[in-house]
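One file, final_31.cif, carrying mmCIF, C-alpha atoms:
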data_upload
#
loop_
_atom_site.label_atom_id
_atom_site.label_comp_id
_atom_site.auth_asym_id
_atom_site.auth_seq_id
_atom_site.Cartn_x
_atom_site.Cartn_y
_atom_site.Cartn_z
CA MET H 2 -17.46 34.77 6.20
CA ASN H 3 -17.95 37.97 4.15
CA THR H 4 -19.52 36.00 1.30
CA ILE H 5 -22.30 34.64 3.43
CA GLN H 6 -23.03 37.97 5.14
CA THR H 7 -24.17 39.39 1.83
CA MET H 8 -26.76 36.67 1.34
CA ALA H 9 -30.40 37.42 1.89
CA ASN H 10 -31.63 35.40 4.84
CA LEU H 11 -28.70 35.59 7.25
CA THR H 12 -27.90 38.39 9.64
CA ASN H 13 -24.77 39.00 11.69
CA SER H 14 -26.50 37.48 14.71
CA ASP H 15 -27.22 34.33 12.69
CA LEU H 16 -23.50 33.90 12.07
CA ILE H 17 -22.11 34.45 15.55
CA GLY H 18 -20.11 31.41 16.58
CA ARG H 19 -20.77 29.66 13.27
CA VAL H 20 -18.57 28.47 10.42
CA ALA H 21 -19.55 28.74 6.75
CA ILE H 22 -17.72 26.53 4.24
CA PRO H 23 -18.34 26.23 0.48
CA ALA H 24 -19.79 22.82 -0.32
CA ILE H 25 -21.63 20.74 -2.90
CA VAL H 26 -24.58 18.60 -1.81
CA THR H 27 -25.65 15.51 -3.73
CA LYS H 28 -26.87 11.99 -2.98
CA GLN H 29 -25.24 8.59 -3.24
CA GLY H 30 -27.94 5.95 -3.17
CA THR H 31 -30.38 7.11 -0.53
CA ARG H 32 -27.81 9.09 1.45
CA VAL H 33 -27.26 12.83 1.29
CA VAL H 34 -23.56 13.68 0.97
CA TYR H 35 -21.79 17.02 1.52
CA GLN H 36 -18.53 17.50 -0.39
CA MET H 37 -15.93 20.10 0.65
CA ASN H 38 -12.28 20.96 0.20
CA LEU H 39 -10.68 21.82 3.54
CA MET H 40 -7.39 23.27 4.63
CA PHE H 41 -5.35 21.08 6.95
CA ARG H 42 -5.90 23.53 9.82
CA GLN H 43 -9.66 23.18 9.32
CA VAL H 44 -9.33 19.40 9.43
CA THR H 45 -7.56 19.59 12.79
CA ASN H 46 -10.33 21.82 14.15
CA LEU H 47 -13.17 19.63 12.92
CA PHE H 48 -12.01 16.00 12.90
CA ASP H 49 -10.73 13.76 15.69
CA HIS H 50 -8.92 10.53 14.94
CA THR H 51 -9.12 7.35 16.99
CA GLU H 52 -6.46 6.34 19.49
CA THR H 53 -3.91 3.55 19.32
CA MET H 54 -4.96 0.20 20.78
CA PRO H 55 -4.36 0.15 24.56
CA GLN H 56 -1.67 -2.20 25.78
CA ASN H 57 -2.91 -5.57 27.07
CA THR H 58 -6.45 -4.92 25.84
CA ASN H 59 -8.57 -8.04 25.66
CA SER H 60 -11.77 -8.53 23.74
CA ASP H 61 -14.06 -8.78 26.76
CA ILE H 62 -13.66 -5.07 27.59
CA ILE H 63 -14.47 -3.90 24.05
CA ASP H 64 -18.14 -3.15 23.45
CA ILE H 65 -18.59 -4.78 20.05
CA LYS H 66 -22.09 -3.34 19.70
CA THR H 67 -20.76 0.21 19.72
CA LEU H 68 -17.41 -0.41 18.00
CA ARG H 69 -17.45 1.78 14.90
CA ASN H 70 -13.89 2.41 13.72
CA ARG H 71 -10.38 0.99 13.68
CA TYR H 72 -7.60 1.66 16.15
CA LEU H 73 -4.79 3.89 14.97
CA ARG H 74 -1.52 2.42 13.67
CA PRO H 75 1.27 4.86 14.60
CA ASP H 76 3.62 3.47 11.93
CA LYS H 77 1.08 4.16 9.19
CA VAL H 78 0.58 7.71 10.50
CA GLU H 79 4.33 8.37 10.45
CA ASP H 80 4.56 6.99 6.90
CA LEU H 81 1.87 9.45 5.77
CA VAL H 82 3.56 12.34 7.57
CA THR H 83 6.85 11.53 5.85
CA TYR H 84 5.15 11.09 2.47
CA VAL H 85 3.49 14.52 2.53
CA TYR H 86 6.52 16.22 4.08
CA GLU H 87 8.85 14.90 1.39
CA ASN H 88 6.44 15.42 -1.51
CA LEU H 89 4.86 18.82 -0.94
CA ASP H 90 4.75 19.53 -4.65
CA SER H 91 3.19 16.23 -5.68
CA TYR H 92 1.44 14.52 -2.76
CA ILE H 93 -1.92 12.87 -3.43
CA LEU H 94 -4.32 12.05 -0.60
CA PRO H 95 -7.78 10.51 -1.13
CA PRO H 96 -10.72 12.40 0.41
CA ILE H 97 -11.60 11.97 4.05
CA SER H 98 -14.99 10.29 4.31
CA ALA H 99 -17.14 10.82 7.38
CA ILE H 100 -20.68 10.33 8.58
CA SER H 101 -23.17 12.57 10.39
CA ASP H 102 -26.43 11.44 11.99
CA LYS H 103 -28.26 14.57 10.79
CA PRO H 104 -28.11 17.07 7.92
CA PHE H 105 -26.42 20.45 8.25
CA SER H 106 -27.78 23.93 7.80
CA PHE H 107 -27.05 24.87 4.22
CA GLN H 108 -27.49 28.02 2.18
CA PRO H 109 -27.60 27.33 -1.58
CA TYR H 110 -26.18 30.00 -3.84
CA ASN H 111 -29.57 29.99 -5.61
CA GLU H 112 -31.50 30.23 -2.35
CA GLN H 113 -33.74 33.08 -3.50
CA GLU H 114 -34.86 31.09 -6.53
CA ILE H 115 -35.55 28.02 -4.37
CA LEU H 116 -37.66 29.99 -1.89
CA GLU H 117 -39.62 31.64 -4.68
CA ASN H 118 -40.37 28.26 -6.28
CA LEU H 119 -40.89 26.09 -3.19
CA GLY H 120 -41.73 28.47 -0.36
CA GLU H 121 -40.14 29.71 2.86
CA GLU H 122 -40.54 26.29 4.51
CA PHE H 123 -37.70 25.08 2.26
CA ASN H 124 -35.19 27.45 3.80
CA LEU H 125 -32.34 24.93 4.38
CA VAL H 126 -30.60 27.16 6.92
CA LYS H 127 -33.63 26.95 9.20
CA PHE H 128 -34.97 23.58 8.05
CA PRO H 129 -32.01 21.37 7.01
CA ASN H 130 -34.21 18.25 7.03
CA ARG H 131 -35.87 19.47 3.81
CA ILE H 132 -32.60 18.91 1.90
CA GLU H 133 -33.78 15.83 -0.03
CA GLU H 134 -36.87 17.59 -1.35
CA VAL H 135 -34.82 20.58 -2.44
CA LEU H 136 -32.28 18.30 -4.12
CA GLU H 137 -35.05 16.56 -6.03
CA ALA H 138 -36.27 19.91 -7.32
CA ASN H 139 -32.74 20.92 -8.38
CA GLU H 140 -31.56 17.97 -10.49
CA GLY H 141 -29.91 16.28 -7.52
CA MET H 142 -27.20 18.82 -6.77
CA LEU H 143 -26.81 22.08 -4.87
CA GLN H 144 -23.88 24.43 -4.40
CA GLY H 145 -23.65 26.77 -1.47
CA LEU H 146 -22.38 27.19 2.09
CA LEU H 147 -22.42 24.62 4.85
CA ILE H 148 -23.18 26.37 8.14
CA PHE H 149 -22.53 24.98 11.63
CA LYS H 150 -21.11 25.58 15.07
CA GLU H 151 -17.81 23.79 15.58
CA SER H 152 -19.09 22.50 18.92
CA GLU H 153 -21.99 20.83 17.09
CA PHE H 154 -19.90 19.33 14.28
CA ASN H 155 -20.36 15.75 15.47
CA VAL H 156 -19.12 13.56 12.65
CA GLU H 157 -17.38 10.21 12.65
CA ILE H 158 -14.65 9.18 10.22
CA LEU H 159 -15.49 6.34 7.84
CA ASP H 160 -12.28 6.39 5.83
CA GLY H 161 -9.23 8.55 6.46
CA ASN H 162 -8.56 8.00 10.16
CA HIS H 163 -4.79 7.77 9.58
CA ARG H 164 -4.86 10.72 7.18
CA VAL H 165 -6.49 12.87 9.86
CA ALA H 166 -3.93 11.78 12.46
CA ALA H 167 -1.12 12.61 10.04
CA ILE H 168 -2.64 16.02 9.31
CA HIS H 169 -2.79 16.75 13.05
CA LYS H 170 0.96 16.13 13.17
CA LEU H 171 1.78 18.01 9.99
CA VAL H 172 0.14 21.30 11.01
CA THR H 173 2.56 21.52 13.94
CA ARG H 174 5.51 21.61 11.51
CA GLY H 175 4.90 25.10 10.13
CA LYS H 176 2.55 27.52 8.38
CA GLU H 177 3.02 25.93 4.96
CA PHE H 178 1.26 22.79 6.15
CA LYS H 179 -1.76 24.56 7.64
CA THR H 180 -2.98 25.77 4.25
CA LEU H 181 -2.53 22.49 2.38
CA ARG H 182 -5.88 21.03 1.31
CA ILE H 183 -7.71 17.72 1.19
CA GLY H 184 -11.13 16.71 -0.11
CA THR H 185 -13.81 15.79 2.44
CA GLN H 186 -17.18 14.13 2.07
CA ILE H 187 -19.76 13.73 4.82
CA PHE H 188 -22.62 11.25 4.46
CA VAL H 189 -25.84 11.59 6.42
CA GLU H 190 -26.83 8.37 8.17
CA ASP H 191 -28.55 7.87 11.53
CA ASN H 192 -28.72 4.06 11.57
CA LEU H 193 -25.85 2.33 13.44
CA LYS H 194 -25.97 -0.90 11.43
CA ARG H 195 -25.96 1.02 8.14
CA THR H 196 -23.10 3.17 9.46
CA GLN H 197 -21.07 0.07 10.29
CA GLN H 198 -21.83 -1.41 6.87
CA ALA H 199 -20.78 1.88 5.25
CA PHE H 200 -17.45 1.58 7.07
CA VAL H 201 -16.99 -1.92 5.66
CA ASP H 202 -18.02 -0.80 2.15
CA MET H 203 -15.60 2.11 2.28
CA ASN H 204 -12.70 -0.05 3.44
CA THR H 205 -13.21 -3.14 1.28
CA SER H 206 -11.80 -1.92 -1.99
CA THR H 207 -10.06 -4.12 -4.55
CA PRO H 208 -6.35 -4.17 -3.66
CA ILE H 209 -3.91 -3.10 -6.35
CA ASP H 210 -1.62 -5.86 -7.57
CA LYS H 211 1.87 -5.51 -6.09
CA THR H 212 3.34 -5.76 -9.57
CA ILE H 213 1.33 -2.78 -10.82
CA ILE H 214 2.46 -0.73 -7.82
CA THR H 215 6.07 -1.66 -8.57
CA LEU H 216 5.79 -0.82 -12.26
CA PHE H 217 4.21 2.56 -11.61
CA SER H 218 6.27 3.56 -8.56
CA SER H 219 9.12 6.00 -9.10
CA ARG H 220 9.90 6.91 -5.49
CA ASP H 221 11.01 3.85 -3.57
CA ALA H 222 14.43 2.32 -4.14
CA LEU H 223 13.25 -1.30 -4.21
CA SER H 224 10.76 -0.82 -7.05
CA THR H 225 13.38 1.10 -9.01
CA ALA H 226 15.98 -1.62 -8.38
CA ALA H 227 13.64 -4.37 -9.55
CA LYS H 228 12.76 -2.49 -12.74
CA GLU H 229 16.42 -1.82 -13.47
CA THR H 230 17.19 -5.56 -13.44
CA ILE H 231 14.35 -6.40 -15.85
CA GLY H 232 15.49 -3.99 -18.54
CA ASP H 233 15.19 -0.37 -17.41
CA ASN H 234 18.95 -0.05 -17.00
CA PRO H 235 21.30 -1.83 -19.47
CA ASN H 236 24.05 -1.79 -16.84
CA TYR H 237 22.11 -4.05 -14.49
CA GLN H 238 19.55 -5.84 -16.62
CA ILE H 239 19.53 -9.63 -16.53
CA LYS H 240 19.16 -10.99 -20.05
CA GLU H 241 17.13 -14.01 -18.92
CA PHE H 242 14.27 -11.64 -17.99
CA LEU H 243 14.06 -10.09 -21.48
CA SER H 244 11.48 -11.70 -23.76
CA ASN H 245 13.46 -10.81 -26.89
CA SER H 246 16.61 -12.53 -25.61
CA ASN H 247 17.79 -15.94 -26.79
CA ASP H 248 18.43 -16.73 -23.11
CA TYR H 249 14.89 -15.92 -21.96
CA ILE H 250 13.75 -18.17 -19.08
CA GLY H 251 10.16 -16.92 -18.63
CA PHE H 252 9.37 -13.71 -16.78
CA ASP H 253 5.87 -12.67 -15.65
CA ALA H 254 5.64 -8.87 -15.57
CA ILE H 255 1.97 -8.73 -14.53
CA ASN H 256 1.05 -11.34 -11.90
CA ASP H 257 2.35 -11.12 -8.33
CA SER H 258 3.13 -14.83 -8.04
CA ILE H 259 3.92 -17.80 -10.27
CA THR H 260 1.39 -20.60 -10.48
CA ARG H 261 2.30 -24.26 -10.72
CA ASN H 262 1.53 -24.47 -14.44
CA SER H 263 2.94 -21.09 -15.42
CA ASN H 264 5.40 -20.87 -18.32
CA ALA H 265 7.39 -18.32 -16.33
CA VAL H 266 10.08 -18.92 -13.73
CA ILE H 267 9.88 -15.62 -11.94
CA SER H 268 7.67 -12.56 -11.38
CA LEU H 269 8.57 -8.94 -10.72
CA ASN H 270 7.39 -9.33 -7.13
CA MET H 271 9.77 -12.31 -6.72
CA VAL H 272 12.63 -10.22 -8.13
CA LYS H 273 11.92 -7.60 -5.45
CA ASN H 274 12.02 -10.26 -2.74
CA MET H 275 15.28 -11.65 -4.10
CA ILE H 276 16.89 -8.21 -4.14
CA VAL H 277 15.86 -7.68 -0.51
CA LYS H 278 17.39 -11.02 0.52
CA PHE H 279 20.55 -10.39 -1.52
CA ALA H 280 20.93 -6.96 0.10
CA LEU H 281 19.90 -7.69 3.68
CA GLY H 282 19.68 -11.43 4.22
CA SER H 283 16.83 -13.50 5.66
CA SER H 284 15.64 -10.78 8.03
CA GLY H 285 15.40 -8.11 5.34
CA THR H 286 12.13 -6.35 4.52
CA PRO H 287 11.12 -3.95 1.72
CA LYS H 288 10.74 -1.16 4.26
CA LYS H 289 14.23 -1.74 5.63
CA PHE H 290 15.64 -1.85 2.10
CA ASN H 291 14.08 1.51 1.23
CA SER H 292 15.41 3.09 4.42
CA THR H 293 18.89 1.64 3.82
CA TYR H 294 19.46 2.33 0.11
CA ASP H 295 19.32 5.61 -1.75
CA ILE H 296 19.09 5.29 -5.54
CA LYS H 297 21.52 8.20 -5.89
CA ALA H 298 24.12 6.66 -3.59
CA GLU H 299 27.13 4.60 -4.67
CA GLY H 300 26.08 1.73 -2.39
CA TYR H 301 22.87 1.25 -4.36
CA GLN H 302 24.75 1.09 -7.67
CA GLU H 303 27.26 -1.39 -6.27
CA LEU H 304 24.46 -3.56 -4.92
CA LEU H 305 22.70 -3.77 -8.29
CA LYS H 306 25.98 -4.43 -10.06
CA ASP H 307 26.68 -7.33 -7.69
CA PHE H 308 23.14 -8.70 -7.86
CA SER H 309 23.14 -8.65 -11.65
CA ALA H 310 26.54 -10.37 -11.88
CA PHE H 311 25.60 -12.99 -9.28
CA MET H 312 22.23 -13.91 -10.77
CA GLN H 313 23.58 -13.80 -14.32
CA THR H 314 26.18 -16.40 -13.33
CA VAL H 315 23.51 -18.55 -11.67
CA PHE H 316 21.31 -18.48 -14.78
CA ASP H 317 24.30 -19.24 -17.00
CA ASN H 318 25.39 -22.30 -15.01
CA MET H 319 22.66 -23.77 -12.86
CA ALA H 320 20.37 -26.56 -13.95
CA PRO H 321 17.78 -26.43 -15.38
CA TYR H 322 18.06 -22.88 -16.74
CA ASN H 323 20.15 -23.91 -19.73
CA GLU H 324 17.60 -26.61 -20.45
CA ILE H 325 14.85 -23.98 -20.56
CA LYS H 326 16.93 -21.90 -22.97
CA VAL H 327 17.18 -24.89 -25.29
CA ARG H 328 13.68 -26.35 -24.95
CA GLY H 329 11.70 -23.13 -24.49
CA THR H 330 9.45 -21.89 -21.70
CA GLY H 331 6.85 -24.58 -22.41
CA ALA H 332 9.12 -26.99 -20.56
CA ILE H 333 9.00 -24.96 -17.32
CA PRO H 334 5.94 -26.55 -15.59
CA LYS H 335 7.43 -30.05 -15.82
CA LEU H 336 10.93 -28.88 -14.87
CA ARG H 337 9.50 -27.00 -11.88
CA GLU H 338 8.30 -30.33 -10.50
CA GLU H 339 11.85 -31.68 -10.79
CA TYR H 340 14.03 -28.78 -9.65
CA ILE H 341 14.02 -26.83 -6.38
CA SER H 342 15.93 -24.06 -8.15
CA LEU H 343 12.75 -23.22 -10.10
CA THR H 344 10.65 -22.59 -6.98
CA GLY H 345 10.29 -19.36 -5.07
CA ALA H 346 11.87 -20.94 -1.98
CA GLY H 347 14.83 -22.09 -4.05
CA LEU H 348 15.36 -18.68 -5.66
CA TYR H 349 15.17 -16.93 -2.28
CA LEU H 350 17.77 -19.34 -0.87
CA ILE H 351 20.04 -18.60 -3.83
CA ALA H 352 19.70 -14.83 -3.26
CA THR H 353 20.36 -15.22 0.47
CA ILE H 354 23.56 -17.19 -0.20
CA GLY H 355 24.57 -14.27 -2.41
CA TYR H 356 24.07 -11.95 0.58
CA TYR H 357 26.48 -13.95 2.72
CA GLY H 358 28.98 -14.23 -0.11
CA ARG H 359 28.88 -10.46 -0.45
CA LYS H 360 29.07 -9.94 3.29
CA ASN H 361 32.16 -12.17 3.50
CA LYS H 362 33.72 -10.25 0.59
CA MET H 363 33.92 -13.38 -1.55
CA ASP H 364 34.06 -13.44 -5.34
CA LEU H 365 30.36 -13.55 -6.18
CA ARG H 366 30.78 -15.23 -9.55
CA SER H 367 32.71 -18.02 -7.85
CA VAL H 368 30.02 -18.35 -5.19
CA ALA H 369 27.33 -18.50 -7.89
CA THR H 370 29.30 -21.11 -9.85
CA SER H 371 29.77 -23.28 -6.74
CA LEU H 372 26.07 -22.90 -5.95
CA SER H 373 25.24 -23.97 -9.49
CA ASN H 374 27.32 -27.15 -9.14
CA ILE H 375 25.01 -28.39 -6.38
CA ASN H 376 22.35 -30.88 -7.44
CA TRP H 377 19.07 -28.98 -7.13
CA LYS H 378 16.81 -31.86 -8.09
CA ARG H 379 14.04 -32.80 -5.67
CA THR H 380 14.87 -36.49 -5.93
CA ILE H 381 18.12 -38.37 -6.52
CA ASP H 382 17.87 -42.08 -7.33
CA GLU H 383 14.16 -41.92 -6.53
CA GLU H 384 14.81 -40.60 -3.01
CA ALA H 385 14.36 -37.11 -1.61
CA ASN H 386 17.50 -34.99 -2.09
CA GLN H 387 19.11 -35.22 1.36
CA LEU H 388 20.75 -31.81 1.14
CA PHE H 389 17.31 -30.19 1.04
CA ARG H 390 15.51 -32.91 2.98
CA THR H 391 17.03 -31.37 6.11
CA GLY H 392 14.78 -28.36 5.64
CA ILE H 393 12.48 -27.22 2.85
CA LEU H 394 11.96 -30.59 1.12
CA SER H 395 9.53 -33.19 2.45
CA GLU H 396 9.91 -36.93 1.95
CA GLN H 397 7.14 -36.64 -0.65
CA GLY H 398 9.08 -34.01 -2.60
CA LYS H 399 6.94 -31.05 -1.51
CA ILE H 400 8.48 -27.64 -0.81
CA SER H 401 7.95 -25.84 2.50
CA ASN H 402 8.27 -22.07 2.89
CA ASN H 403 8.39 -22.33 6.68
CA ARG H 404 10.98 -19.93 8.15
CA ASN H 405 12.68 -22.64 10.22
CA ALA H 406 12.79 -25.01 7.25
CA ILE H 407 14.38 -22.36 5.04
CA GLN H 408 16.93 -21.46 7.72
CA SER H 409 17.85 -25.13 8.14
CA THR H 410 18.43 -25.55 4.40
CA LEU H 411 20.36 -22.28 4.28
CA GLU H 412 22.74 -23.60 6.94
CA GLU H 413 23.25 -26.85 5.02
CA LEU H 414 23.96 -25.00 1.78
CA ALA H 415 26.40 -22.66 3.53
CA LYS H 416 28.21 -25.61 5.11
CA ASN H 417 28.46 -27.30 1.73
CA LEU H 418 29.86 -24.12 0.17
CA HIS H 419 32.14 -23.24 3.13
CA ILE H 420 30.42 -19.90 3.64
CA ASN H 421 30.13 -18.34 7.08
CA ILE H 422 26.55 -17.25 7.78
CA ARG H 423 27.00 -16.40 11.46
CA ASP H 424 26.60 -12.73 12.31
#

How does the structure come out when it is put into structure tokens?
Amino acid sequence: MNTIQTMANLTNSDLIGRVAIPAIVTKQGTRVVYQMNLMFRQVTNLFDHTETMPQNTNSDIIDIKTLRNRYLRPDKVEDLVTYVYENLDSYILPPISAISDKPFSFQPYNEQEILENLGEEFNLVKFPNRIEEVLEANEGMLQGLLIFKESEFNVEILDGNHRVAAIHKLVTRGKEFKTLRIGTQIFVEDNLKRTQQAFVDMNTSTPIDKTIITLFSSRDALSTAAKETIGDNPNYQIKEFLSNSNDYIGFDAINDSITRNSNAVISLNMVKNMIVKFALGSSGTPKKFNSTYDIKAEGYQELLKDFSAFMQTVFDNMAPYNEIKVRGTGAIPKLREEYISLTGAGLYLIATIGYYGRKNKMDLRSVATSLSNINWKRTIDEEANQLFRTGILSEQGKISNNRNAIQSTLEELAKNLHINIRD
């Protein structure tokens, strides 16, 4: 507040009940935008987040014409709270983006120069609606102080609703959270349809490939585990995933999924899914894996040791992996049409059998060898393989990823292998 009191056109009476925050003003397209860096405690004073969706709400009581933002997801809020709390020295949060239906009073640092050049009618504290003309005369950017009464700070969040809710929770945890900072940008827009479109524009970004997230992530246990099996850790790496290995079976390190004609058997995202199923069974999820396993704990090391040994035995013994090693990865598309063991559903079933073998304290190499002795072809004597026909395999030889179909095949495999899969 002291900074602004020294500036020419404001008196103490002008500032009573008002807030002054350093800001930059520019334009994006035709919209004026104010950019600030706020402390978390300022965010809690100025921004309200939406509520969670009411129970048993039906669409006929929601006014679609005035609907402007999303409902709050409590799980996402808690994830953000945990993320910031556990990473105080390295957290990264994108700016909060909001919208206002009118411009704010603003005092540029070069106000005296502006008034001398343009006249007193361009005093932006008194006449904030002249902001665009002043911007045009100042190469499209101004630096100064945003001035407002908190009671008149009527803005609506475009992007950052969950961040604001998380910040509200964090500031209650202690003083160190109140002074943390986050960028904020406020767009000026008084048209409802354009506001709604801005919300869509702000929230329709290109999603990051799951594989890229895995490769770059260093915090969650599942990403680390997957990378350790593809070469990051010699103790757990599976040689069939290494392109310089004579036993290479085709590994796609970039794409999330494997296409029908791909010369790769498996992707990094598929490895993650297999690790989850090997660790937790059919009901496992990445989130549950990360909450269960700590990369510094002995249980995590034992899991990766077992997974590596199990899958290594599968790739050493199961058809058609040895055929790929002899013929090269160019043979994979044709072999994929013949063998269930080259499909995602087949690989996930294999990993899940490994989970039950581990749970029953069986010798995993023996389980993998027995699993490899099963005929994994889609057709036998020109008929659908009956072992898989009970679940994931159709009469036409197509693979189904339906949960019930996979469970049915899992039960048949377990029966064939004499493995107990009942909890």

#### Entry: Residues returned when the PyMOL selection byres ((chain H and resi 112) around 10) runs on this file, as a PyMOL selection string
chain H and resi 8-10+107-111+113-118+123-126+143-145

Exercise. The PyMOL selection byres ((chain H and resi 359) around 10) on the file shown: which residues, as a ChimeraX atom specification?
Worked result: /H:279-280,304,307-308,311,353-358,360-365,368

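This file, filtered with the PyMOL selection byres ((chain H and resi 389-401) around 8), gives the residues H:Ile341, H:Ala346, H:Arg379, H:Thr380, H:Glu384, H:Ala385, H:Asn386, H:Gln387, H:Leu388, H:Asn402, H:Asn403, H:Asn405, H:Ala406, H:Ile407, H:Gln408, H:Ser409, H:Thr410, H:Glu413.
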
Residue contacts of Asp210 (chain H) (9 Å, only C-alpha atoms) excluding same-chain residues fewer than 4 positions away, as an NGL selection string:
:H and (214-215 or 255-257)

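Straight-line separation from CA of Ile148 (chain H) to CA of Pro96 (chain H): 20.3 Å.
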
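The nearest approach to Phe154 (chain H) among the residues H:Arg220, H:Lys240, H:Lys103, H:Arg366, with all atoms listed in the file taken into account, belongs to H:Lys103.
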
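Using all atoms listed in the file, the shortest contact distance between Lys378 (chain H) and any of H:Leu147, H:Ala320, H:Leu414, H:Ala332 is found at H:Ala320.
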
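Using all atoms listed in the file for every distance, the candidate list H:Val85, H:Phe316, H:Glu79, H:Lys289 yields H:Val85 as the residue closest to Glu177 (chain H).
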